[in-house]
file model_9.cif (mmCIF, N, CA and C atoms and all ligand atoms)
data_entry
loop_
_atom_site.label_atom_id
_atom_site.label_comp_id
_atom_site.auth_asym_id
_atom_site.auth_seq_id
_atom_site.Cartn_x
_atom_site.Cartn_y
_atom_site.Cartn_z
N MET A 2 -25.37 48.80 63.85
CA MET A 2 -25.91 47.82 62.92
C MET A 2 -26.76 46.81 63.68
N LYS A 3 -27.92 46.49 63.10
CA LYS A 3 -28.79 45.48 63.70
C LYS A 3 -29.27 44.54 62.61
N GLU A 4 -29.61 43.34 63.03
CA GLU A 4 -30.07 42.31 62.10
C GLU A 4 -31.43 41.81 62.56
N ALA A 5 -32.33 41.57 61.62
CA ALA A 5 -33.66 41.09 62.01
C ALA A 5 -34.30 40.32 60.87
N ASP A 6 -35.29 39.51 61.23
CA ASP A 6 -36.07 38.75 60.26
C ASP A 6 -37.11 39.69 59.63
N ALA A 7 -36.98 39.93 58.34
CA ALA A 7 -37.90 40.87 57.67
C ALA A 7 -39.33 40.36 57.63
N TYR A 8 -39.52 39.05 57.84
CA TYR A 8 -40.88 38.50 57.82
C TYR A 8 -41.55 38.58 59.18
N ASP A 9 -40.80 39.00 60.19
CA ASP A 9 -41.43 39.32 61.48
C ASP A 9 -41.80 40.80 61.37
N VAL A 10 -42.91 41.07 60.70
CA VAL A 10 -43.24 42.42 60.26
C VAL A 10 -43.31 43.41 61.43
N GLU A 11 -43.90 42.98 62.54
CA GLU A 11 -44.05 43.89 63.69
C GLU A 11 -42.68 44.33 64.22
N LYS A 12 -41.81 43.36 64.45
CA LYS A 12 -40.48 43.68 65.00
C LYS A 12 -39.65 44.45 63.98
N PHE A 13 -39.76 44.05 62.71
CA PHE A 13 -38.94 44.71 61.70
C PHE A 13 -39.39 46.16 61.51
N THR A 14 -40.69 46.39 61.56
CA THR A 14 -41.21 47.75 61.44
C THR A 14 -40.72 48.61 62.61
N ALA A 15 -40.74 48.04 63.82
CA ALA A 15 -40.27 48.77 65.00
C ALA A 15 -38.79 49.14 64.84
N LEU A 16 -38.02 48.21 64.27
CA LEU A 16 -36.59 48.46 64.07
C LEU A 16 -36.37 49.57 63.03
N LEU A 17 -37.18 49.57 61.98
CA LEU A 17 -37.08 50.63 60.97
C LEU A 17 -37.41 51.99 61.59
N ARG A 18 -38.41 52.01 62.46
CA ARG A 18 -38.77 53.28 63.12
C ARG A 18 -37.64 53.75 64.03
N GLU A 19 -37.04 52.81 64.73
CA GLU A 19 -35.91 53.14 65.62
C GLU A 19 -34.76 53.72 64.80
N ALA A 20 -34.48 53.10 63.65
CA ALA A 20 -33.40 53.57 62.78
C ALA A 20 -33.71 54.98 62.25
N ASP A 21 -34.98 55.20 61.91
CA ASP A 21 -35.40 56.51 61.39
C ASP A 21 -35.20 57.59 62.46
N ARG A 22 -35.61 57.25 63.71
CA ARG A 22 -35.43 58.21 64.82
C ARG A 22 -33.95 58.51 65.02
N HIS A 23 -33.11 57.48 64.96
CA HIS A 23 -31.67 57.66 65.15
C HIS A 23 -31.11 58.58 64.07
N CYS A 24 -31.47 58.33 62.81
CA CYS A 24 -30.94 59.12 61.70
C CYS A 24 -31.35 60.59 61.79
N ARG A 25 -32.55 60.83 62.30
CA ARG A 25 -33.05 62.20 62.37
C ARG A 25 -32.66 62.92 63.66
N SER A 26 -32.11 62.22 64.62
CA SER A 26 -31.74 62.85 65.89
C SER A 26 -30.50 63.72 65.71
N ALA A 27 -30.31 64.65 66.64
CA ALA A 27 -29.18 65.57 66.56
C ALA A 27 -27.85 64.83 66.55
N ALA A 28 -27.77 63.77 67.33
CA ALA A 28 -26.52 63.02 67.40
C ALA A 28 -26.49 61.85 66.42
N GLY A 29 -27.49 61.79 65.56
CA GLY A 29 -27.64 60.64 64.68
C GLY A 29 -26.65 60.58 63.54
N GLY A 30 -26.77 59.52 62.78
CA GLY A 30 -25.91 59.30 61.62
C GLY A 30 -26.54 58.18 60.83
N ALA A 31 -25.70 57.42 60.18
CA ALA A 31 -26.21 56.30 59.38
C ALA A 31 -26.73 55.18 60.29
N ALA A 32 -27.72 54.48 59.82
CA ALA A 32 -28.23 53.30 60.52
C ALA A 32 -28.22 52.14 59.53
N VAL A 33 -27.74 51.01 59.97
CA VAL A 33 -27.65 49.85 59.08
C VAL A 33 -28.51 48.71 59.64
N ILE A 34 -29.41 48.20 58.81
CA ILE A 34 -30.23 47.06 59.20
C ILE A 34 -30.03 45.95 58.18
N ILE A 35 -29.72 44.78 58.66
CA ILE A 35 -29.58 43.62 57.77
C ILE A 35 -30.84 42.78 57.89
N ALA A 36 -31.55 42.64 56.75
CA ALA A 36 -32.73 41.77 56.71
C ALA A 36 -32.21 40.35 56.51
N SER A 37 -32.33 39.54 57.55
CA SER A 37 -31.63 38.26 57.55
C SER A 37 -32.33 37.15 56.77
N SER A 38 -33.58 37.34 56.39
CA SER A 38 -34.29 36.26 55.70
C SER A 38 -34.12 36.34 54.20
N PRO A 39 -33.85 35.22 53.55
CA PRO A 39 -33.79 35.24 52.09
C PRO A 39 -35.19 35.42 51.50
N CYS A 40 -35.23 35.80 50.24
CA CYS A 40 -36.50 35.97 49.54
C CYS A 40 -37.30 34.68 49.59
N VAL A 41 -38.61 34.77 49.82
CA VAL A 41 -39.44 33.56 49.86
C VAL A 41 -39.52 32.87 48.50
N LEU A 42 -39.18 33.60 47.44
CA LEU A 42 -39.24 33.01 46.11
C LEU A 42 -37.97 32.22 45.78
N ALA A 43 -36.91 32.44 46.57
CA ALA A 43 -35.66 31.74 46.30
C ALA A 43 -35.79 30.27 46.71
N GLU A 44 -35.17 29.40 45.94
CA GLU A 44 -35.26 27.97 46.26
C GLU A 44 -34.70 27.67 47.63
N SER A 45 -33.71 28.45 48.03
CA SER A 45 -33.09 28.24 49.34
C SER A 45 -33.81 29.03 50.43
N GLY A 46 -34.93 29.64 50.05
CA GLY A 46 -35.68 30.46 50.99
C GLY A 46 -36.27 29.65 52.12
N PRO A 47 -36.74 30.33 53.15
CA PRO A 47 -37.24 29.64 54.33
C PRO A 47 -38.54 28.90 54.04
N ALA A 48 -38.70 27.75 54.67
CA ALA A 48 -39.97 27.03 54.56
C ALA A 48 -40.99 27.75 55.43
N ARG A 49 -42.07 28.20 54.84
CA ARG A 49 -43.08 28.95 55.58
C ARG A 49 -44.44 28.35 55.30
N THR A 50 -45.30 28.45 56.30
CA THR A 50 -46.66 27.99 56.11
C THR A 50 -47.37 29.01 55.24
N PRO A 51 -47.91 28.60 54.08
CA PRO A 51 -48.58 29.58 53.21
C PRO A 51 -49.76 30.23 53.92
N GLN A 52 -49.92 31.51 53.67
CA GLN A 52 -51.05 32.22 54.25
C GLN A 52 -51.84 32.89 53.13
N ALA A 53 -52.89 32.21 52.67
CA ALA A 53 -53.74 32.82 51.66
C ALA A 53 -54.46 34.01 52.30
N VAL A 54 -54.62 35.06 51.53
CA VAL A 54 -55.27 36.26 52.07
C VAL A 54 -56.44 36.66 51.18
N ARG A 55 -57.32 37.45 51.74
CA ARG A 55 -58.45 37.99 50.96
C ARG A 55 -58.72 39.41 51.45
N ILE A 56 -59.44 40.14 50.61
CA ILE A 56 -59.81 41.51 50.97
C ILE A 56 -61.28 41.50 51.41
N THR A 57 -61.56 42.08 52.56
CA THR A 57 -62.92 42.09 53.07
C THR A 57 -63.69 43.32 52.58
N GLU A 58 -64.95 43.37 52.92
CA GLU A 58 -65.81 44.51 52.58
C GLU A 58 -65.36 45.80 53.27
N GLU A 59 -64.49 45.65 54.28
CA GLU A 59 -63.99 46.82 55.01
C GLU A 59 -63.04 47.67 54.17
N CYS A 60 -62.63 47.17 53.01
CA CYS A 60 -61.71 47.94 52.15
C CYS A 60 -62.39 49.24 51.73
N THR A 61 -61.73 50.35 52.03
CA THR A 61 -62.27 51.67 51.71
C THR A 61 -61.77 52.18 50.37
N GLY A 62 -60.86 51.44 49.75
CA GLY A 62 -60.29 51.90 48.49
C GLY A 62 -59.29 53.03 48.68
N CYS A 63 -58.70 53.09 49.86
CA CYS A 63 -57.77 54.20 50.15
C CYS A 63 -56.47 54.10 49.35
N ARG A 64 -56.17 52.92 48.84
CA ARG A 64 -54.99 52.64 48.01
C ARG A 64 -53.66 52.64 48.77
N GLU A 65 -53.71 52.71 50.08
CA GLU A 65 -52.45 52.73 50.83
C GLU A 65 -51.61 51.48 50.55
N CYS A 66 -52.27 50.33 50.46
CA CYS A 66 -51.52 49.09 50.20
C CYS A 66 -50.87 49.12 48.82
N LEU A 67 -51.51 49.76 47.87
CA LEU A 67 -50.96 49.84 46.52
C LEU A 67 -49.82 50.85 46.47
N ASP A 68 -50.02 52.00 47.05
CA ASP A 68 -49.05 53.09 46.92
C ASP A 68 -47.86 52.96 47.86
N MET A 69 -48.09 52.38 49.04
CA MET A 69 -47.01 52.33 50.03
C MET A 69 -46.36 50.95 50.15
N PHE A 70 -47.12 49.90 49.87
CA PHE A 70 -46.61 48.54 50.07
C PHE A 70 -46.15 47.92 48.75
N GLU A 71 -46.97 48.12 47.72
CA GLU A 71 -46.57 47.79 46.35
C GLU A 71 -46.33 46.31 46.05
N CYS A 72 -47.06 45.40 46.68
CA CYS A 72 -46.97 44.00 46.25
C CYS A 72 -47.69 43.89 44.90
N PRO A 73 -47.04 43.28 43.89
CA PRO A 73 -47.67 43.19 42.57
C PRO A 73 -48.94 42.33 42.55
N ALA A 74 -49.17 41.54 43.60
CA ALA A 74 -50.39 40.71 43.63
C ALA A 74 -51.60 41.51 44.10
N LEU A 75 -51.38 42.68 44.66
CA LEU A 75 -52.49 43.55 45.05
C LEU A 75 -52.83 44.43 43.85
N VAL A 76 -54.05 44.31 43.38
CA VAL A 76 -54.43 45.01 42.14
C VAL A 76 -55.69 45.85 42.36
N TRP A 77 -55.76 46.92 41.63
CA TRP A 77 -56.90 47.82 41.74
C TRP A 77 -58.06 47.29 40.90
N ASP A 78 -59.22 47.14 41.53
CA ASP A 78 -60.43 46.71 40.82
C ASP A 78 -61.24 47.97 40.51
N GLU A 79 -61.10 48.39 39.26
CA GLU A 79 -61.72 49.67 38.84
C GLU A 79 -63.24 49.64 39.07
N GLU A 80 -63.84 48.53 38.71
CA GLU A 80 -65.30 48.42 38.81
C GLU A 80 -65.79 48.52 40.25
N ALA A 81 -65.08 47.81 41.13
CA ALA A 81 -65.49 47.79 42.55
C ALA A 81 -64.99 49.01 43.31
N GLY A 82 -63.98 49.70 42.77
CA GLY A 82 -63.39 50.83 43.48
C GLY A 82 -62.65 50.37 44.73
N LYS A 83 -62.13 49.13 44.65
CA LYS A 83 -61.42 48.57 45.79
C LYS A 83 -60.23 47.77 45.29
N VAL A 84 -59.48 47.26 46.25
CA VAL A 84 -58.33 46.43 45.91
C VAL A 84 -58.75 44.97 45.84
N GLY A 85 -58.14 44.24 44.93
CA GLY A 85 -58.34 42.80 44.84
C GLY A 85 -56.99 42.11 44.86
N ILE A 86 -57.02 40.78 44.83
CA ILE A 86 -55.78 40.01 44.86
C ILE A 86 -55.68 39.16 43.60
N SER A 87 -54.55 39.27 42.92
CA SER A 87 -54.29 38.41 41.77
C SER A 87 -53.80 37.07 42.30
N ARG A 88 -54.63 36.05 42.18
CA ARG A 88 -54.25 34.72 42.70
C ARG A 88 -53.03 34.18 41.97
N ALA A 89 -52.88 34.56 40.70
CA ALA A 89 -51.74 34.06 39.93
C ALA A 89 -50.43 34.66 40.44
N ALA A 90 -50.49 35.87 40.97
CA ALA A 90 -49.27 36.55 41.39
C ALA A 90 -48.98 36.37 42.89
N CYS A 91 -49.99 36.04 43.65
CA CYS A 91 -49.83 35.95 45.12
C CYS A 91 -49.10 34.66 45.50
N ASN A 92 -48.03 34.80 46.28
CA ASN A 92 -47.30 33.60 46.73
C ASN A 92 -47.66 33.24 48.17
N GLN A 93 -48.71 33.86 48.69
CA GLN A 93 -49.24 33.56 50.03
C GLN A 93 -48.19 33.76 51.13
N CYS A 94 -47.41 34.84 50.98
CA CYS A 94 -46.40 35.11 52.02
C CYS A 94 -47.03 35.68 53.29
N GLY A 95 -48.19 36.33 53.15
CA GLY A 95 -48.90 36.84 54.32
C GLY A 95 -48.38 38.16 54.87
N VAL A 96 -47.37 38.74 54.23
CA VAL A 96 -46.78 39.97 54.77
C VAL A 96 -47.76 41.14 54.72
N CYS A 97 -48.66 41.12 53.72
CA CYS A 97 -49.62 42.24 53.59
C CYS A 97 -50.65 42.29 54.71
N LEU A 98 -50.73 41.25 55.53
CA LEU A 98 -51.75 41.21 56.59
C LEU A 98 -51.62 42.37 57.57
N SER A 99 -50.45 42.97 57.63
CA SER A 99 -50.28 44.05 58.61
C SER A 99 -50.21 45.43 57.98
N VAL A 100 -50.51 45.57 56.70
CA VAL A 100 -50.32 46.88 56.08
C VAL A 100 -51.60 47.72 55.94
N CYS A 101 -52.76 47.09 56.06
CA CYS A 101 -54.00 47.84 55.82
C CYS A 101 -54.45 48.58 57.09
N PRO A 102 -54.66 49.89 57.00
CA PRO A 102 -55.07 50.65 58.19
C PRO A 102 -56.46 50.27 58.71
N THR A 103 -57.28 49.66 57.87
CA THR A 103 -58.61 49.26 58.36
C THR A 103 -58.72 47.74 58.52
N GLN A 104 -57.57 47.07 58.49
CA GLN A 104 -57.51 45.61 58.65
C GLN A 104 -58.42 44.88 57.66
N ALA A 105 -58.46 45.39 56.43
CA ALA A 105 -59.31 44.77 55.41
C ALA A 105 -58.62 43.61 54.70
N ILE A 106 -57.34 43.40 54.97
CA ILE A 106 -56.63 42.25 54.40
C ILE A 106 -56.53 41.20 55.51
N VAL A 107 -57.16 40.06 55.26
CA VAL A 107 -57.24 39.04 56.32
C VAL A 107 -56.85 37.67 55.76
N VAL A 108 -56.57 36.74 56.66
CA VAL A 108 -56.30 35.37 56.26
C VAL A 108 -57.56 34.78 55.64
N ASP A 109 -57.39 34.13 54.49
CA ASP A 109 -58.52 33.49 53.82
C ASP A 109 -58.62 32.06 54.32
N GLU A 110 -59.40 31.88 55.37
CA GLU A 110 -59.49 30.57 56.02
C GLU A 110 -60.05 29.51 55.07
N GLY A 111 -60.86 29.93 54.11
CA GLY A 111 -61.50 28.95 53.23
C GLY A 111 -60.66 28.54 52.03
N ALA A 112 -59.52 29.20 51.85
CA ALA A 112 -58.69 28.92 50.67
C ALA A 112 -57.87 27.66 50.87
N ALA A 113 -57.72 26.90 49.80
CA ALA A 113 -56.85 25.73 49.86
C ALA A 113 -55.42 26.21 49.81
N ALA A 114 -54.58 25.71 50.70
CA ALA A 114 -53.19 26.15 50.75
C ALA A 114 -52.40 25.53 49.61
S1 LIG A 201 -57.04 46.88 51.38
FE1 LIG A 201 -56.78 48.38 53.02
S2 LIG A 201 -55.02 49.63 52.42
FE2 LIG A 201 -55.71 48.52 50.59
S3 LIG A 201 -57.14 49.95 49.57
FE3 LIG A 201 -58.36 48.61 50.89
S4 LIG A 201 -58.56 49.76 52.81
FE4 LIG A 201 -56.86 50.69 51.68
S1 LIG A 202 -49.84 37.36 50.64
FE1 LIG A 202 -47.84 38.18 49.97
S2 LIG A 202 -47.86 37.95 47.72
FE2 LIG A 202 -50.00 37.71 48.42
S3 LIG A 202 -50.90 39.75 48.24
FE3 LIG A 202 -50.10 39.57 50.34
S4 LIG A 202 -48.00 40.41 50.27
FE4 LIG A 202 -48.66 40.00 48.17
#

call {"tool": "encode", "arguments": {"input": "model_9.cif", "output": "structure tokens"}}
result
Amino acid sequence: MKEADAYDVEKFTALLREADRHCRSAAGGAAVIIASSPCVLAESGPARTPQAVRITEECTGCRECLDMFECPALVWDEEAGKVGISRAACNQCGVCLSVCPTQAIVVDEGAAA
């Protein structure tokens, strides 16, 4: 069993991969990971610096963020053939910054926090 901060996306992803390797190995078995951070939407959740994000022109419309990551604030723009962000739904958690294979999701430096 291991415990980690789910908002430390790089470390948490590495831990998930390690658990997957363990489960699939010949000597493997169950792997338990405790995500130690409460939901950012919970009142008792951690105080975090908001990170507004935007989608750049580098978006290829591959839909990986929609199909694999599934944040409800990421929405398909039919007209543009790309992904957009619903400002009403986005809580500026910044977790999506590491999910795009072409790094098309970036910090929106010009957005008011
Ligand atoms: S933002 Fe990235 S992952 Fe999402 S559709 Fe565009 S290129 Fe694909
Ligand atoms: S910043 Fe958080 S809420 Fe906003 S689109 Fe990215 S993952 Fe979703």

call {"tool": "select_by_dssp", "arguments": {"input": "model_9.cif", "residues": "range 2-110 of chain A", "states": "strand (DSSP E or B)", "output": "PyMOL selection string"}}
result
chain A and resi 3-5+34-36+54-56+75-78+83-86+106-108

call {"tool": "write_last_selection", "arguments": {"input": "model_9.cif", "atoms": "N, CA and C atoms", "output": "PDB file, in the frame of the given file"}}
result
ATOM      1  N   LYS A   3     -27.920  46.490  63.100  1.00  0.00           N
ATOM      2  CA  LYS A   3     -28.790  45.480  63.700  1.00  0.00           C
ATOM      3  C   LYS A   3     -29.270  44.540  62.610  1.00  0.00           C
ATOM      4  N   GLU A   4     -29.610  43.340  63.030  1.00  0.00           N
ATOM      5  CA  GLU A   4     -30.070  42.310  62.100  1.00  0.00           C
ATOM      6  C   GLU A   4     -31.430  41.810  62.560  1.00  0.00           C
ATOM      7  N   ALA A   5     -32.330  41.570  61.620  1.00  0.00           N
ATOM      8  CA  ALA A   5     -33.660  41.090  62.010  1.00  0.00           C
ATOM      9  C   ALA A   5     -34.300  40.320  60.870  1.00  0.00           C
ATOM     10  N   ILE A  34     -29.410  48.200  58.810  1.00  0.00           N
ATOM     11  CA  ILE A  34     -30.230  47.060  59.200  1.00  0.00           C
ATOM     12  C   ILE A  34     -30.030  45.950  58.180  1.00  0.00           C
ATOM     13  N   ILE A  35     -29.720  44.780  58.660  1.00  0.00           N
ATOM     14  CA  ILE A  35     -29.580  43.620  57.770  1.00  0.00           C
ATOM     15  C   ILE A  35     -30.840  42.780  57.890  1.00  0.00           C
ATOM     16  N   ALA A  36     -31.550  42.640  56.750  1.00  0.00           N
ATOM     17  CA  ALA A  36     -32.730  41.770  56.710  1.00  0.00           C
ATOM     18  C   ALA A  36     -32.210  40.350  56.510  1.00  0.00           C
ATOM     19  N   VAL A  54     -54.620  35.060  51.530  1.00  0.00           N
ATOM     20  CA  VAL A  54     -55.270  36.260  52.070  1.00  0.00           C
ATOM     21  C   VAL A  54     -56.440  36.660  51.180  1.00  0.00           C
ATOM     22  N   ARG A  55     -57.320  37.450  51.740  1.00  0.00           N
ATOM     23  CA  ARG A  55     -58.450  37.990  50.960  1.00  0.00           C
ATOM     24  C   ARG A  55     -58.720  39.410  51.450  1.00  0.00           C
ATOM     25  N   ILE A  56     -59.440  40.140  50.610  1.00  0.00           N
ATOM     26  CA  ILE A  56     -59.810  41.510  50.970  1.00  0.00           C
ATOM     27  C   ILE A  56     -61.280  41.500  51.410  1.00  0.00           C
ATOM     28  N   LEU A  75     -51.380  42.680  44.660  1.00  0.00           N
ATOM     29  CA  LEU A  75     -52.490  43.550  45.050  1.00  0.00           C
ATOM     30  C   LEU A  75     -52.830  44.430  43.850  1.00  0.00           C
ATOM     31  N   VAL A  76     -54.050  44.310  43.380  1.00  0.00           N
ATOM     32  CA  VAL A  76     -54.430  45.010  42.140  1.00  0.00           C
ATOM     33  C   VAL A  76     -55.690  45.850  42.360  1.00  0.00           C
ATOM     34  N   TRP A  77     -55.760  46.920  41.630  1.00  0.00           N
ATOM     35  CA  TRP A  77     -56.900  47.820  41.740  1.00  0.00           C
ATOM     36  C   TRP A  77     -58.060  47.290  40.900  1.00  0.00           C
ATOM     37  N   ASP A  78     -59.220  47.140  41.530  1.00  0.00           N
ATOM     38  CA  ASP A  78     -60.430  46.710  40.820  1.00  0.00           C
ATOM     39  C   ASP A  78     -61.240  47.970  40.510  1.00  0.00           C
ATOM     40  N   LYS A  83     -62.130  49.130  44.650  1.00  0.00           N
ATOM     41  CA  LYS A  83     -61.420  48.570  45.790  1.00  0.00           C
ATOM     42  C   LYS A  83     -60.230  47.770  45.290  1.00  0.00           C
ATOM     43  N   VAL A  84     -59.480  47.260  46.250  1.00  0.00           N
ATOM     44  CA  VAL A  84     -58.330  46.430  45.910  1.00  0.00           C
ATOM     45  C   VAL A  84     -58.750  44.970  45.840  1.00  0.00           C
ATOM     46  N   GLY A  85     -58.140  44.240  44.930  1.00  0.00           N
ATOM     47  CA  GLY A  85     -58.340  42.800  44.840  1.00  0.00           C
ATOM     48  C   GLY A  85     -56.990  42.110  44.860  1.00  0.00           C
ATOM     49  N   ILE A  86     -57.020  40.780  44.830  1.00  0.00           N
ATOM     50  CA  ILE A  86     -55.780  40.010  44.860  1.00  0.00           C
ATOM     51  C   ILE A  86     -55.680  39.160  43.600  1.00  0.00           C
ATOM     52  N   ILE A 106     -57.340  43.400  54.970  1.00  0.00           N
ATOM     53  CA  ILE A 106     -56.630  42.250  54.400  1.00  0.00           C
ATOM     54  C   ILE A 106     -56.530  41.200  55.510  1.00  0.00           C
ATOM     55  N   VAL A 107     -57.160  40.060  55.260  1.00  0.00           N
ATOM     56  CA  VAL A 107     -57.240  39.040  56.320  1.00  0.00           C
ATOM     57  C   VAL A 107     -56.850  37.670  55.760  1.00  0.00           C
ATOM     58  N   VAL A 108     -56.570  36.740  56.660  1.00  0.00           N
ATOM     59  CA  VAL A 108     -56.300  35.370  56.260  1.00  0.00           C
ATOM     60  C   VAL A 108     -57.560  34.780  55.640  1.00  0.00           C
TER      61      VAL A 108
END

call {"tool": "residues_near_ligand", "arguments": {"input": "model_9.cif", "ligand": "ligand LIG 201 (chain A)", "cutoff": "7 Å", "atoms": "all atoms listed in the file", "output": "tab-separated table (two decimals) with N, CA and C atoms, keeping the file's coordinate frame"}}
result
chain	number	residue	atom	x	y	z
A	56	ILE	N	-59.44	40.14	50.61
A	56	ILE	CA	-59.81	41.51	50.97
A	56	ILE	C	-61.28	41.50	51.41
A	57	THR	N	-61.56	42.08	52.56
A	57	THR	CA	-62.92	42.09	53.07
A	57	THR	C	-63.69	43.32	52.58
A	59	GLU	N	-64.49	45.65	54.28
A	59	GLU	CA	-63.99	46.82	55.01
A	59	GLU	C	-63.04	47.67	54.17
A	60	CYS	N	-62.63	47.17	53.01
A	60	CYS	CA	-61.71	47.94	52.15
A	60	CYS	C	-62.39	49.24	51.73
A	61	THR	N	-61.73	50.35	52.03
A	61	THR	CA	-62.27	51.67	51.71
A	61	THR	C	-61.77	52.18	50.37
A	62	GLY	N	-60.86	51.44	49.75
A	62	GLY	CA	-60.29	51.90	48.49
A	62	GLY	C	-59.29	53.03	48.68
A	63	CYS	N	-58.70	53.09	49.86
A	63	CYS	CA	-57.77	54.20	50.15
A	63	CYS	C	-56.47	54.10	49.35
A	64	ARG	N	-56.17	52.92	48.84
A	64	ARG	CA	-54.99	52.64	48.01
A	64	ARG	C	-53.66	52.64	48.77
A	65	GLU	N	-53.71	52.71	50.08
A	65	GLU	CA	-52.45	52.73	50.83
A	65	GLU	C	-51.61	51.48	50.55
A	66	CYS	N	-52.27	50.33	50.46
A	66	CYS	CA	-51.52	49.09	50.20
A	66	CYS	C	-50.87	49.12	48.82
A	67	LEU	N	-51.51	49.76	47.87
A	67	LEU	CA	-50.96	49.84	46.52
A	67	LEU	C	-49.82	50.85	46.47
A	83	LYS	N	-62.13	49.13	44.65
A	83	LYS	CA	-61.42	48.57	45.79
A	83	LYS	C	-60.23	47.77	45.29
A	84	VAL	N	-59.48	47.26	46.25
A	84	VAL	CA	-58.33	46.43	45.91
A	84	VAL	C	-58.75	44.97	45.84
A	100	VAL	N	-50.51	45.57	56.70
A	100	VAL	CA	-50.32	46.88	56.08
A	100	VAL	C	-51.60	47.72	55.94
A	101	CYS	N	-52.76	47.09	56.06
A	101	CYS	CA	-54.00	47.84	55.82
A	101	CYS	C	-54.45	48.58	57.09
A	102	PRO	N	-54.66	49.89	57.00
A	102	PRO	CA	-55.07	50.65	58.19
A	102	PRO	C	-56.46	50.27	58.71
A	103	THR	N	-57.28	49.66	57.87
A	103	THR	CA	-58.61	49.26	58.36
A	103	THR	C	-58.72	47.74	58.52
A	104	GLN	N	-57.57	47.07	58.49
A	104	GLN	CA	-57.51	45.61	58.65
A	104	GLN	C	-58.42	44.88	57.66
A	105	ALA	N	-58.46	45.39	56.43
A	105	ALA	CA	-59.31	44.77	55.41
A	105	ALA	C	-58.62	43.61	54.70
A	106	ILE	N	-57.34	43.40	54.97
A	106	ILE	CA	-56.63	42.25	54.40
A	106	ILE	C	-56.53	41.20	55.51

call {"tool": "residues_near_ligand", "arguments": {"input": "model_9.cif", "ligand": "ligand LIG 202 (chain A)", "cutoff": "7 Å", "atoms": "only C-alpha atoms and all ligand atoms", "output": "number ranges by chain"}}
result
A: 52-54, 72-75, 86, 90-98

call {"tool": "residues_around", "arguments": {"input": "model_9.cif", "residues": "range 11-23 of chain A", "least_positions_apart": "5", "cutoff": "8 Å", "atoms": "only N, CA and C atoms", "output": "PDB file with N, CA and C atoms, in the coordinates of the input"}}
result
ATOM      1  N   ALA A   5     -32.330  41.570  61.620  1.00  0.00           N
ATOM      2  CA  ALA A   5     -33.660  41.090  62.010  1.00  0.00           C
ATOM      3  C   ALA A   5     -34.300  40.320  60.870  1.00  0.00           C
ATOM      4  N   ASP A   6     -35.290  39.510  61.230  1.00  0.00           N
ATOM      5  CA  ASP A   6     -36.070  38.750  60.260  1.00  0.00           C
ATOM      6  C   ASP A   6     -37.110  39.690  59.630  1.00  0.00           C
ATOM      7  N   ALA A  28     -27.770  63.770  67.330  1.00  0.00           N
ATOM      8  CA  ALA A  28     -26.520  63.020  67.400  1.00  0.00           C
ATOM      9  C   ALA A  28     -26.490  61.850  66.420  1.00  0.00           C
ATOM     10  N   GLY A  29     -27.490  61.790  65.560  1.00  0.00           N
ATOM     11  CA  GLY A  29     -27.640  60.640  64.680  1.00  0.00           C
ATOM     12  C   GLY A  29     -26.650  60.580  63.540  1.00  0.00           C
ATOM     13  N   GLY A  30     -26.770  59.520  62.780  1.00  0.00           N
ATOM     14  CA  GLY A  30     -25.910  59.300  61.620  1.00  0.00           C
ATOM     15  C   GLY A  30     -26.540  58.180  60.830  1.00  0.00           C
ATOM     16  N   ALA A  31     -25.700  57.420  60.180  1.00  0.00           N
ATOM     17  CA  ALA A  31     -26.210  56.300  59.380  1.00  0.00           C
ATOM     18  C   ALA A  31     -26.730  55.180  60.290  1.00  0.00           C
ATOM     19  N   ALA A  32     -27.720  54.480  59.820  1.00  0.00           N
ATOM     20  CA  ALA A  32     -28.230  53.300  60.520  1.00  0.00           C
ATOM     21  C   ALA A  32     -28.220  52.140  59.530  1.00  0.00           C
ATOM     22  N   VAL A  33     -27.740  51.010  59.970  1.00  0.00           N
ATOM     23  CA  VAL A  33     -27.650  49.850  59.080  1.00  0.00           C
ATOM     24  C   VAL A  33     -28.510  48.710  59.640  1.00  0.00           C
ATOM     25  N   ILE A  34     -29.410  48.200  58.810  1.00  0.00           N
ATOM     26  CA  ILE A  34     -30.230  47.060  59.200  1.00  0.00           C
ATOM     27  C   ILE A  34     -30.030  45.950  58.180  1.00  0.00           C
ATOM     28  N   SER A  99     -50.450  42.970  57.630  1.00  0.00           N
ATOM     29  CA  SER A  99     -50.280  44.050  58.610  1.00  0.00           C
ATOM     30  C   SER A  99     -50.210  45.430  57.980  1.00  0.00           C
TER      31      SER A  99
END

call {"tool": "atom_distance", "arguments": {"input": "model_9.cif", "atom1": "CA of Cys40 in chain A", "atom2": "CA of Gly85 in chain A"}}
result
23.4 Å

call {"tool": "atom_distance", "arguments": {"input": "model_9.cif", "atom1": "atom N of Ser87 in chain A", "atom2": "atom C of Arg49 in chain A"}}
result
19.4 Å

call {"tool": "atom_distance", "arguments": {"input": "model_9.cif", "atom1": "CA of Cys24 in chain A", "atom2": "CA of Val10 in chain A"}}
result
20.8 Å

call {"tool": "decode", "arguments": {"input": "model_9.cif", "residues": "range 8-25 of chain A", "atoms": "C-alpha atoms", "output": "mmCIF file, in the first residue's frame"}}
result
data_model
loop_
_atom_site.group_PDB
_atom_site.id
_atom_site.type_symbol
_atom_site.label_atom_id
_atom_site.label_comp_id
_atom_site.auth_asym_id
_atom_site.auth_seq_id
_atom_site.Cartn_x
_atom_site.Cartn_y
_atom_site.Cartn_z
ATOM 1 C CA TYR A 8 -2.657 16.578 -7.419
ATOM 2 C CA ASP A 9 1.050 15.895 -7.830
ATOM 3 C CA VAL A 10 0.170 14.499 -11.240
ATOM 4 C CA GLU A 11 3.689 13.451 -12.266
ATOM 5 C CA LYS A 12 4.402 11.483 -9.088
ATOM 6 C CA PHE A 13 0.898 10.054 -8.891
ATOM 7 C CA THR A 14 1.036 8.878 -12.507
ATOM 8 C CA ALA A 15 4.399 7.194 -11.845
ATOM 9 C CA LEU A 16 2.879 5.444 -8.827
ATOM 10 C CA LEU A 17 -0.082 4.220 -10.895
ATOM 11 C CA ARG A 18 2.331 2.820 -13.487
ATOM 12 C CA GLU A 19 4.327 1.094 -10.757
ATOM 13 C CA ALA A 20 1.121 -0.439 -9.366
ATOM 14 C CA ASP A 21 0.099 -1.584 -12.855
ATOM 15 C CA ARG A 22 3.496 -3.260 -13.389
ATOM 16 C CA HIS A 23 3.202 -4.969 -9.997
ATOM 17 C CA CYS A 24 -0.312 -6.283 -10.722
ATOM 18 C CA ARG A 25 0.720 -7.657 -14.104
#
